[in-house]
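Below is run01.cif, holding mmCIF, N, CA and C atoms.
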data_final
loop_
_atom_site.label_atom_id
_atom_site.label_comp_id
_atom_site.auth_asym_id
_atom_site.auth_seq_id
_atom_site.Cartn_x
_atom_site.Cartn_y
_atom_site.Cartn_z
N ILE A 16 53.53 75.22 52.66
CA ILE A 16 53.95 76.53 52.17
C ILE A 16 55.27 76.35 51.44
N GLN A 17 55.37 76.96 50.27
CA GLN A 17 56.62 76.97 49.53
C GLN A 17 57.35 78.28 49.83
N THR A 18 58.66 78.19 49.94
CA THR A 18 59.46 79.40 50.17
C THR A 18 60.55 79.50 49.12
N ARG A 19 61.00 80.71 48.89
CA ARG A 19 62.11 80.94 47.97
C ARG A 19 62.93 82.10 48.50
N HIS A 20 64.17 82.16 48.05
CA HIS A 20 65.06 83.25 48.44
C HIS A 20 64.87 84.39 47.44
N VAL A 21 64.53 85.58 47.95
CA VAL A 21 64.33 86.76 47.11
C VAL A 21 65.47 87.73 47.42
N PHE A 22 66.15 88.19 46.38
CA PHE A 22 67.26 89.13 46.59
C PHE A 22 67.34 90.11 45.42
N CYS A 23 67.99 91.20 45.64
CA CYS A 23 68.20 92.22 44.62
C CYS A 23 69.48 91.87 43.87
N ASP A 24 69.41 91.85 42.54
CA ASP A 24 70.57 91.40 41.77
C ASP A 24 71.79 92.33 41.85
N SER A 25 71.56 93.56 42.37
CA SER A 25 72.72 94.46 42.55
C SER A 25 73.50 94.08 43.80
N GLY A 26 72.87 93.29 44.64
CA GLY A 26 73.50 92.91 45.89
C GLY A 26 73.05 93.78 47.05
N SER A 27 72.38 94.88 46.77
CA SER A 27 71.91 95.78 47.82
C SER A 27 70.39 95.85 47.76
N ASP A 28 69.72 95.35 48.80
CA ASP A 28 68.26 95.38 48.84
C ASP A 28 67.73 96.80 48.72
N GLN A 29 68.47 97.80 49.20
CA GLN A 29 68.05 99.20 49.15
C GLN A 29 67.86 99.67 47.70
N ASP A 30 68.68 99.15 46.78
CA ASP A 30 68.56 99.54 45.38
C ASP A 30 67.21 99.09 44.80
N CYS A 31 66.78 97.91 45.15
CA CYS A 31 65.54 97.36 44.60
C CYS A 31 64.31 97.91 45.29
N ILE A 32 64.34 98.11 46.59
CA ILE A 32 63.18 98.59 47.34
C ILE A 32 62.82 100.00 46.89
N ALA A 33 63.79 100.80 46.50
CA ALA A 33 63.52 102.16 46.08
C ALA A 33 62.70 102.18 44.78
N ASN A 34 62.87 101.20 43.91
CA ASN A 34 62.20 101.20 42.61
C ASN A 34 60.90 100.36 42.59
N THR A 35 60.84 99.25 43.30
CA THR A 35 59.66 98.37 43.30
C THR A 35 59.53 97.70 44.66
N THR A 36 58.39 97.10 44.86
CA THR A 36 58.24 96.31 46.08
C THR A 36 58.80 94.91 45.81
N ALA A 37 59.36 94.34 46.81
CA ALA A 37 59.96 93.00 46.67
C ALA A 37 58.87 91.95 46.46
N PRO A 38 59.15 90.99 45.59
CA PRO A 38 58.18 89.91 45.41
C PRO A 38 58.09 89.06 46.68
N THR A 39 56.97 88.40 46.84
CA THR A 39 56.77 87.57 48.03
C THR A 39 57.73 86.38 48.02
N ASN A 40 58.14 85.98 49.20
CA ASN A 40 59.07 84.85 49.28
C ASN A 40 58.38 83.56 49.76
N THR A 41 57.07 83.62 50.01
CA THR A 41 56.31 82.42 50.38
C THR A 41 55.00 82.39 49.61
N ARG A 42 54.47 81.17 49.44
CA ARG A 42 53.14 81.01 48.84
C ARG A 42 52.58 79.67 49.30
N PRO A 43 51.26 79.61 49.37
CA PRO A 43 50.67 78.32 49.74
C PRO A 43 50.83 77.33 48.58
N CYS A 44 50.91 76.07 48.90
CA CYS A 44 51.00 75.06 47.85
C CYS A 44 49.99 73.96 48.14
N HIS A 45 49.76 73.17 47.13
CA HIS A 45 48.74 72.13 47.22
C HIS A 45 49.31 70.88 46.58
N ASP A 46 49.86 69.99 47.39
CA ASP A 46 50.47 68.76 46.88
C ASP A 46 49.41 67.68 46.82
N ILE A 47 49.17 67.15 45.61
CA ILE A 47 48.15 66.11 45.45
C ILE A 47 48.78 64.76 45.09
N SER A 48 50.10 64.66 45.18
CA SER A 48 50.77 63.43 44.74
C SER A 48 50.32 62.20 45.53
N GLY A 49 49.90 62.35 46.77
CA GLY A 49 49.50 61.20 47.57
C GLY A 49 47.99 61.05 47.73
N CYS A 50 47.23 61.86 46.99
CA CYS A 50 45.77 61.81 47.16
C CYS A 50 45.19 60.56 46.51
N THR A 51 44.51 59.77 47.30
CA THR A 51 43.77 58.61 46.80
C THR A 51 42.43 58.57 47.51
N TRP A 52 41.45 57.97 46.88
CA TRP A 52 40.11 57.89 47.44
C TRP A 52 40.08 57.01 48.70
N ALA A 53 39.41 57.50 49.72
CA ALA A 53 39.18 56.71 50.94
C ALA A 53 37.79 56.10 50.80
N LEU A 54 37.74 54.77 50.74
CA LEU A 54 36.48 54.07 50.50
C LEU A 54 35.97 53.41 51.76
N GLY A 55 34.69 53.60 52.04
CA GLY A 55 34.05 52.94 53.17
C GLY A 55 33.59 51.54 52.77
N PRO A 56 33.12 50.78 53.71
CA PRO A 56 32.63 49.42 53.40
C PRO A 56 31.29 49.49 52.67
N TRP A 57 30.99 48.46 51.89
CA TRP A 57 29.70 48.38 51.21
C TRP A 57 28.60 48.14 52.25
N SER A 58 27.47 48.78 52.05
CA SER A 58 26.30 48.54 52.90
C SER A 58 25.70 47.18 52.56
N ASP A 59 24.77 46.73 53.37
CA ASP A 59 24.02 45.53 53.04
C ASP A 59 23.17 45.82 51.80
N CYS A 60 22.80 44.79 51.10
CA CYS A 60 21.93 44.92 49.94
C CYS A 60 20.58 45.49 50.41
N SER A 61 19.98 46.35 49.60
CA SER A 61 18.73 47.00 49.98
C SER A 61 17.54 46.05 50.04
N THR A 62 17.71 44.84 49.54
CA THR A 62 16.63 43.86 49.59
C THR A 62 17.16 42.53 50.07
N SER A 63 16.32 41.78 50.73
CA SER A 63 16.75 40.46 51.19
C SER A 63 16.42 39.39 50.16
N CYS A 64 15.70 39.78 49.12
CA CYS A 64 15.26 38.81 48.12
C CYS A 64 15.26 39.46 46.75
N GLY A 65 16.07 38.98 45.84
CA GLY A 65 16.10 39.52 44.48
C GLY A 65 17.08 40.67 44.33
N SER A 66 16.86 41.48 43.28
CA SER A 66 17.78 42.57 42.93
C SER A 66 17.58 43.79 43.81
N GLY A 67 18.70 44.42 44.17
CA GLY A 67 18.67 45.64 44.99
C GLY A 67 19.89 46.48 44.71
N MET A 68 20.19 47.40 45.61
CA MET A 68 21.34 48.30 45.50
C MET A 68 22.10 48.29 46.82
N ARG A 69 23.41 48.55 46.75
CA ARG A 69 24.19 48.75 47.96
C ARG A 69 25.08 49.98 47.75
N HIS A 70 25.48 50.62 48.86
CA HIS A 70 26.18 51.89 48.83
C HIS A 70 27.45 51.84 49.68
N ARG A 71 28.37 52.75 49.37
CA ARG A 71 29.55 52.97 50.21
C ARG A 71 29.96 54.42 50.08
N SER A 72 30.73 54.91 51.03
CA SER A 72 31.23 56.28 50.95
C SER A 72 32.53 56.30 50.16
N ALA A 73 32.78 57.39 49.46
CA ALA A 73 34.02 57.59 48.73
C ALA A 73 34.40 59.06 48.92
N THR A 74 35.48 59.31 49.68
CA THR A 74 35.87 60.69 49.97
C THR A 74 37.33 60.91 49.61
N CYS A 75 37.59 62.12 49.14
CA CYS A 75 38.97 62.51 48.84
C CYS A 75 39.49 63.28 50.05
N PRO A 76 40.63 62.86 50.63
CA PRO A 76 41.13 63.48 51.86
C PRO A 76 41.35 64.99 51.76
N SER A 77 41.66 65.51 50.56
CA SER A 77 41.88 66.95 50.42
C SER A 77 40.57 67.73 50.45
N GLY A 78 39.46 67.03 50.27
CA GLY A 78 38.17 67.70 50.19
C GLY A 78 37.84 68.19 48.79
N ILE A 79 38.76 67.98 47.86
CA ILE A 79 38.56 68.40 46.46
C ILE A 79 38.62 67.15 45.59
N ALA A 80 37.48 66.73 45.08
CA ALA A 80 37.37 65.47 44.34
C ALA A 80 38.37 65.37 43.19
N GLU A 81 38.61 66.46 42.49
CA GLU A 81 39.53 66.44 41.34
C GLU A 81 40.96 66.04 41.74
N ASP A 82 41.33 66.29 42.98
CA ASP A 82 42.69 65.95 43.44
C ASP A 82 42.93 64.44 43.43
N CYS A 83 41.89 63.64 43.59
CA CYS A 83 42.03 62.19 43.70
C CYS A 83 41.78 61.45 42.39
N GLY A 84 41.47 62.16 41.33
CA GLY A 84 41.21 61.50 40.05
C GLY A 84 39.78 61.01 39.96
N GLN A 85 39.56 60.05 39.07
CA GLN A 85 38.20 59.55 38.83
C GLN A 85 37.64 58.89 40.08
N GLN A 86 36.44 59.31 40.44
CA GLN A 86 35.81 58.77 41.65
C GLN A 86 35.33 57.35 41.41
N PRO A 87 35.66 56.43 42.32
CA PRO A 87 35.16 55.05 42.18
C PRO A 87 33.65 54.99 42.43
N GLU A 88 33.04 53.92 41.97
CA GLU A 88 31.60 53.74 42.14
C GLU A 88 31.24 53.70 43.63
N ALA A 89 30.18 54.41 43.98
CA ALA A 89 29.71 54.41 45.36
C ALA A 89 28.37 53.69 45.49
N VAL A 90 27.79 53.28 44.35
CA VAL A 90 26.52 52.55 44.33
C VAL A 90 26.66 51.42 43.32
N GLU A 91 26.15 50.25 43.65
CA GLU A 91 26.18 49.14 42.69
C GLU A 91 24.98 48.23 42.90
N ASP A 92 24.67 47.46 41.86
CA ASP A 92 23.60 46.48 41.94
C ASP A 92 24.03 45.33 42.86
N CYS A 93 23.08 44.70 43.49
CA CYS A 93 23.38 43.54 44.32
C CYS A 93 22.17 42.61 44.32
N ARG A 94 22.36 41.44 44.82
CA ARG A 94 21.27 40.47 44.99
C ARG A 94 21.20 40.12 46.46
N GLY A 95 20.00 40.15 46.98
CA GLY A 95 19.80 39.78 48.36
C GLY A 95 20.06 38.29 48.53
N ALA A 96 20.35 37.89 49.74
CA ALA A 96 20.56 36.46 50.02
C ALA A 96 19.28 35.73 49.65
N GLU A 97 19.39 34.77 48.80
CA GLU A 97 18.20 34.08 48.30
C GLU A 97 17.51 33.24 49.38
N THR A 98 18.17 33.03 50.51
CA THR A 98 17.50 32.29 51.58
C THR A 98 16.37 33.15 52.11
N GLY A 99 15.25 32.57 52.33
CA GLY A 99 14.10 33.33 52.81
C GLY A 99 13.22 33.85 51.70
N CYS A 100 13.68 33.73 50.45
CA CYS A 100 12.85 34.17 49.34
C CYS A 100 11.77 33.13 49.08
N GLY A 101 10.60 33.62 48.81
CA GLY A 101 9.53 32.72 48.42
C GLY A 101 9.67 32.35 46.96
N SER A 102 8.94 31.36 46.55
CA SER A 102 8.95 30.99 45.14
C SER A 102 7.57 31.30 44.56
N TRP A 103 7.57 31.65 43.29
CA TRP A 103 6.31 31.97 42.62
C TRP A 103 5.54 30.69 42.35
N GLU A 104 4.27 30.71 42.68
CA GLU A 104 3.39 29.57 42.44
C GLU A 104 2.44 29.92 41.31
N THR A 105 2.27 28.98 40.39
CA THR A 105 1.42 29.25 39.22
C THR A 105 0.24 28.29 39.19
N GLY A 106 -0.88 28.85 38.77
CA GLY A 106 -2.07 28.04 38.60
C GLY A 106 -2.14 27.48 37.18
N GLU A 107 -3.22 26.78 36.90
CA GLU A 107 -3.42 26.21 35.56
C GLU A 107 -3.82 27.31 34.58
N TRP A 108 -3.44 27.11 33.32
CA TRP A 108 -3.84 28.06 32.27
C TRP A 108 -5.34 27.92 32.02
N SER A 109 -6.00 29.04 31.78
CA SER A 109 -7.43 29.02 31.43
C SER A 109 -7.59 28.53 29.99
N GLU A 110 -8.81 28.31 29.60
CA GLU A 110 -9.06 27.99 28.20
C GLU A 110 -8.78 29.24 27.38
N CYS A 111 -8.53 29.06 26.11
CA CYS A 111 -8.27 30.18 25.21
C CYS A 111 -9.52 31.07 25.15
N SER A 112 -9.31 32.39 25.14
CA SER A 112 -10.44 33.33 25.14
C SER A 112 -11.17 33.35 23.80
N SER A 113 -10.58 32.75 22.80
CA SER A 113 -11.22 32.71 21.48
C SER A 113 -11.45 31.25 21.07
N ILE A 114 -12.61 31.00 20.50
CA ILE A 114 -12.84 29.64 20.00
C ILE A 114 -12.34 29.49 18.58
N CYS A 115 -12.02 30.62 17.96
CA CYS A 115 -11.57 30.59 16.58
C CYS A 115 -10.58 31.73 16.37
N GLY A 116 -9.33 31.42 16.12
CA GLY A 116 -8.32 32.46 15.90
C GLY A 116 -7.56 32.80 17.17
N GLU A 117 -6.85 33.94 17.12
CA GLU A 117 -5.95 34.32 18.22
C GLU A 117 -6.72 34.81 19.44
N GLY A 118 -6.29 34.37 20.61
CA GLY A 118 -6.87 34.78 21.89
C GLY A 118 -5.80 34.78 22.96
N VAL A 119 -6.21 34.80 24.22
CA VAL A 119 -5.25 34.78 25.33
C VAL A 119 -5.69 33.75 26.36
N GLN A 120 -4.71 33.26 27.09
CA GLN A 120 -4.96 32.41 28.24
C GLN A 120 -4.40 33.14 29.46
N VAL A 121 -5.03 32.95 30.60
CA VAL A 121 -4.56 33.57 31.84
C VAL A 121 -4.39 32.51 32.91
N ARG A 122 -3.57 32.85 33.90
CA ARG A 122 -3.39 31.97 35.06
C ARG A 122 -3.03 32.83 36.25
N ASN A 123 -3.24 32.30 37.43
CA ASN A 123 -2.90 32.99 38.66
C ASN A 123 -1.43 32.74 38.96
N VAL A 124 -0.67 33.82 39.29
CA VAL A 124 0.73 33.71 39.70
C VAL A 124 0.85 34.45 41.03
N SER A 125 1.22 33.73 42.09
CA SER A 125 1.30 34.35 43.41
C SER A 125 2.57 33.91 44.13
N CYS A 126 2.95 34.73 45.10
CA CYS A 126 4.15 34.45 45.89
C CYS A 126 3.75 33.57 47.07
N GLY A 127 4.51 32.50 47.27
CA GLY A 127 4.20 31.57 48.35
C GLY A 127 4.63 32.06 49.72
N LYS A 128 5.47 33.12 49.80
CA LYS A 128 5.94 33.66 51.08
C LYS A 128 5.74 35.17 51.09
N GLU A 129 6.36 35.83 52.08
CA GLU A 129 6.24 37.28 52.18
C GLU A 129 6.84 38.00 50.97
N SER A 130 7.99 37.52 50.50
CA SER A 130 8.63 38.21 49.38
C SER A 130 9.19 37.21 48.38
N CYS A 131 9.05 37.59 47.12
CA CYS A 131 9.59 36.79 46.01
C CYS A 131 10.35 37.75 45.10
N ALA A 132 11.35 37.25 44.42
CA ALA A 132 12.13 38.08 43.51
C ALA A 132 11.29 38.40 42.27
N ASP A 133 11.02 39.70 42.06
CA ASP A 133 10.17 40.12 40.94
C ASP A 133 10.69 39.63 39.59
N GLU A 134 12.00 39.64 39.43
CA GLU A 134 12.55 39.25 38.13
C GLU A 134 12.36 37.77 37.82
N LEU A 135 11.98 36.98 38.82
CA LEU A 135 11.72 35.56 38.60
C LEU A 135 10.24 35.24 38.43
N LYS A 136 9.39 36.27 38.51
CA LYS A 136 7.95 36.05 38.39
C LYS A 136 7.62 35.57 36.97
N GLN A 137 6.84 34.54 36.89
CA GLN A 137 6.43 34.00 35.60
C GLN A 137 5.22 34.76 35.08
N SER A 138 5.03 34.70 33.80
CA SER A 138 3.95 35.42 33.14
C SER A 138 2.60 34.84 33.53
N SER A 139 1.60 35.75 33.63
CA SER A 139 0.23 35.31 33.91
C SER A 139 -0.63 35.35 32.65
N LEU A 140 -0.05 35.76 31.51
CA LEU A 140 -0.76 35.82 30.24
C LEU A 140 0.07 35.15 29.15
N ARG A 141 -0.63 34.53 28.19
CA ARG A 141 0.06 34.05 27.00
C ARG A 141 -0.95 34.02 25.85
N SER A 142 -0.44 34.12 24.65
CA SER A 142 -1.34 34.07 23.49
C SER A 142 -1.67 32.63 23.15
N CYS A 143 -2.79 32.46 22.49
CA CYS A 143 -3.22 31.12 22.09
C CYS A 143 -4.05 31.23 20.82
N ASN A 144 -4.27 30.13 20.18
CA ASN A 144 -5.15 30.06 19.02
C ASN A 144 -6.30 29.12 19.35
N GLY A 145 -7.49 29.67 19.27
CA GLY A 145 -8.66 28.86 19.56
C GLY A 145 -8.97 27.93 18.40
N THR A 146 -9.02 26.67 18.68
CA THR A 146 -9.36 25.67 17.66
C THR A 146 -10.30 24.66 18.29
N LYS A 147 -11.55 25.05 18.41
CA LYS A 147 -12.53 24.14 18.98
C LYS A 147 -12.95 23.14 17.90
N PRO A 148 -13.08 21.90 18.27
CA PRO A 148 -13.55 20.92 17.29
C PRO A 148 -14.99 21.26 16.85
N TYR A 149 -15.27 21.00 15.65
CA TYR A 149 -16.61 21.19 15.06
C TYR A 149 -16.98 22.65 14.90
N VAL A 150 -16.00 23.58 15.00
CA VAL A 150 -16.28 24.99 14.76
C VAL A 150 -15.52 25.38 13.50
N GLN A 151 -16.23 25.96 12.56
CA GLN A 151 -15.58 26.37 11.32
C GLN A 151 -15.19 27.84 11.45
N CYS A 152 -13.90 28.11 11.33
CA CYS A 152 -13.40 29.48 11.49
C CYS A 152 -13.40 30.22 10.17
#

Just dump the structure as structure tokens.
Amino acid sequence: IQTRHVFCDSGSDQDCIANTTAPTNTRPCHDISGCTWALGPWSDCSTSCGSGMRHRSATCPSGIAEDCGQQPEAVEDCRGAETGCGSWETGEWSECSSICGEGVQVRNVSCGKESCADELKQSSLRSCNGTKPYVQC
């Protein structure tokens, strides 16, 4: 609470009270000079293998976010501990689907364990050009 001294400039409060009501001598105040964000610890990564997210709390002690300035990030990307991640296993490429011109080859791509990092998965398709001997295109 802020306070101030209120007085009548004639020196007699009776002179001022007769003409107007006295202004208030107190008011609530809101000091934000020491407001800083209180940050909680980061959570574990949402995945044990590959890319995930982690979270933390960010609160302003006054309860008014604007008092603390720009809010720090409360969510960020993370990578799970790569231990325990399976590796992608790939089969042999099939023959080209076309004997003449552009075609595709396919192969089996599977995870050797319970979980593999999706971003490391190799392609199961690729383009090819069929060029069989003794075939005129």

Once the PyMOL selection byres ((chain A and resi 121) around 7) has been applied to the shown file, what residues remain in the selection, as a VMD selection string? chain A and resid 106 to 112 119 to 120 122 to 123 139 to 141

Using only C-alpha atoms, determine which residues lie at most 12 Å from Pro38 in chain A, disregarding the query and same-chain residues fewer than 6 positions distant; provide the list as a ChimeraX atom specification. /A:18-23,28,31-32

Between A:Cys115, A:Val124, A:Cys50, A:Cys60, which has the minimum distance to Pro76 in chain A (counting only N, CA and C atoms)? A:Cys50

Shortest interatomic distance to Gly127 in chain A - which of A:Gly145, A:Gly95, A:Gly67, A:Gly101, counting all atoms listed in the file: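 Closest to Gly127 in chain A, using all atoms listed in the file: A:Gly101.
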
Where does DSSP see helix (DSSP H, G or I) in range 22-146 of chain A, if you list the residues as a PyMOL selection string? chain A and resi 28-34+80-83+133-135

Using atom C of Pro87 in chain A and atom C of Ser61 in chain A as the two end points, give the distance in Å to one decimal.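 Value for the atom C of Pro87 in chain A-atom C of Ser61 in chain A distance: 19.9 Å.
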
Explicit residue set for the PyMOL selection byres ((chain A and resi 88) around 8), as a PDB file with N, CA and C atoms, in the frame of the given file:
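Saved as part_24.pdb:
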ATOM      1  N   HIS A  70      25.480  50.620  48.860  1.00  0.00           N
ATOM      2  CA  HIS A  70      26.180  51.890  48.830  1.00  0.00           C
ATOM      3  C   HIS A  70      27.450  51.840  49.680  1.00  0.00           C
ATOM      4  N   ARG A  71      28.370  52.750  49.370  1.00  0.00           N
ATOM      5  CA  ARG A  71      29.550  52.970  50.210  1.00  0.00           C
ATOM      6  C   ARG A  71      29.960  54.420  50.080  1.00  0.00           C
ATOM      7  N   SER A  72      30.730  54.910  51.030  1.00  0.00           N
ATOM      8  CA  SER A  72      31.230  56.280  50.950  1.00  0.00           C
ATOM      9  C   SER A  72      32.530  56.300  50.160  1.00  0.00           C
ATOM     10  N   ALA A  73      32.780  57.390  49.460  1.00  0.00           N
ATOM     11  CA  ALA A  73      34.020  57.590  48.730  1.00  0.00           C
ATOM     12  C   ALA A  73      34.400  59.060  48.920  1.00  0.00           C
ATOM     13  N   GLN A  85      39.560  60.050  39.070  1.00  0.00           N
ATOM     14  CA  GLN A  85      38.200  59.550  38.830  1.00  0.00           C
ATOM     15  C   GLN A  85      37.640  58.890  40.080  1.00  0.00           C
ATOM     16  N   GLN A  86      36.440  59.310  40.440  1.00  0.00           N
ATOM     17  CA  GLN A  86      35.810  58.770  41.650  1.00  0.00           C
ATOM     18  C   GLN A  86      35.330  57.350  41.410  1.00  0.00           C
ATOM     19  N   PRO A  87      35.660  56.430  42.320  1.00  0.00           N
ATOM     20  CA  PRO A  87      35.160  55.050  42.180  1.00  0.00           C
ATOM     21  C   PRO A  87      33.650  54.990  42.430  1.00  0.00           C
ATOM     22  N   ALA A  89      30.180  54.410  43.980  1.00  0.00           N
ATOM     23  CA  ALA A  89      29.710  54.410  45.360  1.00  0.00           C
ATOM     24  C   ALA A  89      28.370  53.690  45.490  1.00  0.00           C
ATOM     25  N   VAL A  90      27.790  53.280  44.350  1.00  0.00           N
ATOM     26  CA  VAL A  90      26.520  52.550  44.330  1.00  0.00           C
ATOM     27  C   VAL A  90      26.660  51.420  43.320  1.00  0.00           C
ATOM     28  N   GLU A  91      26.150  50.250  43.650  1.00  0.00           N
ATOM     29  CA  GLU A  91      26.180  49.140  42.690  1.00  0.00           C
ATOM     30  C   GLU A  91      24.980  48.230  42.900  1.00  0.00           C
TER      31      GLU A  91
END

What's the 7 Å shell around Thr51 in chain A, counting all atoms listed in the file, without same-chain residues fewer than 5 positions away, as a count of residues only? 6

Point-to-point distance in Å for CA of Cys93 in chain A and atom C of Thr105 in chain A: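 CA of Cys93 in chain A lies at a distance of 28.2 Å from atom C of Thr105 in chain A.
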
I'd like the interatomic distance between CA of Asn40 in chain A and CA of Asp24 in chain A, to a tenth of an Å. 15.2 Å

Strand (DSSP E) call set, DSSP backbone run, range 113-147 of chain A, as a ChimeraX atom specification: /A:115-121,124-126,140-146

Residue neighbourhood Cys131 in chain A, 7 Å, only C-alpha atoms, exclusion window fewer than 6 positions, as a ChimeraX atom specification: /A:64,100-103

Output, as AutoDock Vina command-line options, the centre and edge lengths in Å (one decimal) of the axis-aligned box that contains all listed atoms of range 75-80 of chain A with 6 Å of margin on each side.
--center_x 39.6 --center_y 65.3 --center_z 47.5 --size_x 16.5 --size_y 18.3 --size_z 20.7
